[in-house]
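Enquirer: This is the structure, below, for whatever I ask next.
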Amino acid sequence: MGNAFDDVIGANEAYAREFDLAGLKPMAARGLALVTCMDSRIEPLDMLGLTPGDAKILRNAGARVTDDTLRTLVLAVYLLGVERVLVLPHTKCKMASVSGDDEVHDLIQEQYGVDTRSLEFHTDNDQMGALKHDLERIRHHPLLPKDLPVAGALYDVDTGRVQLVDA
């Protein structure tokens, strides 16, 4: 009987044989930090014309700017060459299609019997309002440079297009 990870570890064998990123510097070569969703329909490098090493990519459910995202951005700006931040949620996001965290908690409780109320999922069905709020969290964070370029955009999972909505 195989391991639950045999497929990905096996695929890594082929990847390692062709691996050519040795020596890549840890700095964001294009000075970009991208905050986007964990959705598997998103290919952050390809969709923005980036290559490995160009950007720091932060992914979470809903592309939300959480306290952990802010902590990571502070490190990225001061230690990893980040000079600009793009927050990029996407269309048809589950975290933007529910009425709130309570709906998600109830769904998980009903379907799986697990009480997740100790977690905050940061759901918001006003996706553009949430994006603007998150951009302001970055723009006004006391440990980030006041002149740090911060923008918001929306990725369309049906067309692959990125539309700038707040720059």
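Each chain of the structure tokens is named A, B, ... in the order shown, its residues numbered from 1; ligands are numbered from 1 in display order.
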Using DSSP on the backbone coordinates, identify all residues within chain A classified as strand (DSSP E); present the result as a PyMOL selection string.

Expert: chain A and resi 32-37+55-60+84-88+150-155+162-166

Enquirer: Next, the residues of the selection above should be written as an mmCIF file, in the first residue's frame with C-alpha atoms.

Expert:
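In the end it all went to again.cif:
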```cif
data_model
loop_
_atom_site.group_PDB
_atom_site.id
_atom_site.type_symbol
_atom_site.label_atom_id
_atom_site.label_comp_id
_atom_site.auth_asym_id
_atom_site.auth_seq_id
_atom_site.Cartn_x
_atom_site.Cartn_y
_atom_site.Cartn_z
ATOM 1 C CA LEU A 32 7.252 42.406 -5.976
ATOM 2 C CA ALA A 33 5.265 40.826 -3.179
ATOM 3 C CA LEU A 34 2.043 39.214 -4.358
ATOM 4 C CA VAL A 35 -0.763 38.430 -1.922
ATOM 5 C CA THR A 36 -3.175 36.022 -3.583
ATOM 6 C CA CYS A 37 -5.524 33.166 -2.833
ATOM 7 C CA ALA A 55 8.539 37.843 -6.416
ATOM 8 C CA LYS A 56 7.570 36.816 -2.921
ATOM 9 C CA ILE A 57 4.211 35.070 -3.116
ATOM 10 C CA LEU A 58 1.922 34.954 -0.099
ATOM 11 C CA ARG A 59 -1.134 32.739 -0.432
ATOM 12 C CA ASN A 60 -4.076 32.175 1.862
ATOM 13 C CA ARG A 84 5.903 47.014 -4.093
ATOM 14 C CA VAL A 85 2.873 44.942 -3.111
ATOM 15 C CA LEU A 86 0.018 43.645 -5.245
ATOM 16 C CA VAL A 87 -3.034 42.158 -3.512
ATOM 17 C CA LEU A 88 -4.841 39.901 -5.974
ATOM 18 C CA VAL A 150 0.481 49.086 -2.952
ATOM 19 C CA ALA A 151 -2.166 48.075 -5.482
ATOM 20 C CA GLY A 152 -5.169 45.806 -5.706
ATOM 21 C CA ALA A 153 -6.346 43.824 -8.706
ATOM 22 C CA LEU A 154 -8.816 41.067 -9.496
ATOM 23 C CA TYR A 155 -7.947 37.857 -11.340
ATOM 24 C CA VAL A 162 -5.948 40.615 -14.246
ATOM 25 C CA GLN A 163 -7.733 43.950 -13.833
ATOM 26 C CA LEU A 164 -6.180 46.673 -11.695
ATOM 27 C CA VAL A 165 -8.885 48.053 -9.377
ATOM 28 C CA ASP A 166 -6.994 50.207 -6.870
#
```

Enquirer: Excluding A:Pro26 and residues on its chain fewer than 6 positions from it, collect all residues at most 12 Å away from it, counting only C-alpha atoms, and give them as a PyMOL selection string.

Expert: chain A and resi 52-56+76+79-82

Enquirer: May I ask which of the residues A:Glu136, A:Asn12, A:Met47, A:Gln109 is the closest one to A:Thr159, counting only C-alpha atoms?

Expert: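 For A:Thr159, the nearest of the candidates is A:Met47.
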
Enquirer: Skipping near chain neighbours, those fewer than 3 positions away, what residues fall within 7 Å of A:Glu83 using only C-alpha atoms, listed as a PyMOL selection string?

Expert: chain A and resi 31-32+77+148

Enquirer: Write out the residues from the selection above, keeping C-alpha atoms, as an mmCIF file, in the first residue's frame.

Expert:
```
data_model
loop_
_atom_site.group_PDB
_atom_site.id
_atom_site.type_symbol
_atom_site.label_atom_id
_atom_site.label_comp_id
_atom_site.auth_asym_id
_atom_site.auth_seq_id
_atom_site.Cartn_x
_atom_site.Cartn_y
_atom_site.Cartn_z
ATOM 1 C CA GLY A 31 10.794 43.802 -6.089
ATOM 2 C CA LEU A 32 7.252 42.406 -5.976
ATOM 3 C CA VAL A 77 10.334 44.616 2.523
ATOM 4 C CA LEU A 148 5.545 51.624 -0.478
#
```

Enquirer: Using only C-alpha atoms, which of A:Val104, A:Val157, A:Gly62, A:Arg71 sits nearest A:Leu131?

Expert: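 Smallest distance to A:Leu131 is found for A:Gly62.
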
Enquirer: Go through A:Ala28, A:Ala96, A:Asp68, A:Leu50 one by one, measure the shortest atom-to-atom distance of each to A:Met128 using only C-alpha atoms, and give the residue with the smallest value.

Expert: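 Under the stated criterion, the closest residue is A:Ala96.
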
Enquirer: Stretch 73-119 of chain A: which residues are helix (DSSP H, G or I) by DSSP, as an NGL selection string?

Expert: :A and (73-79 or 94-96 or 101-112)
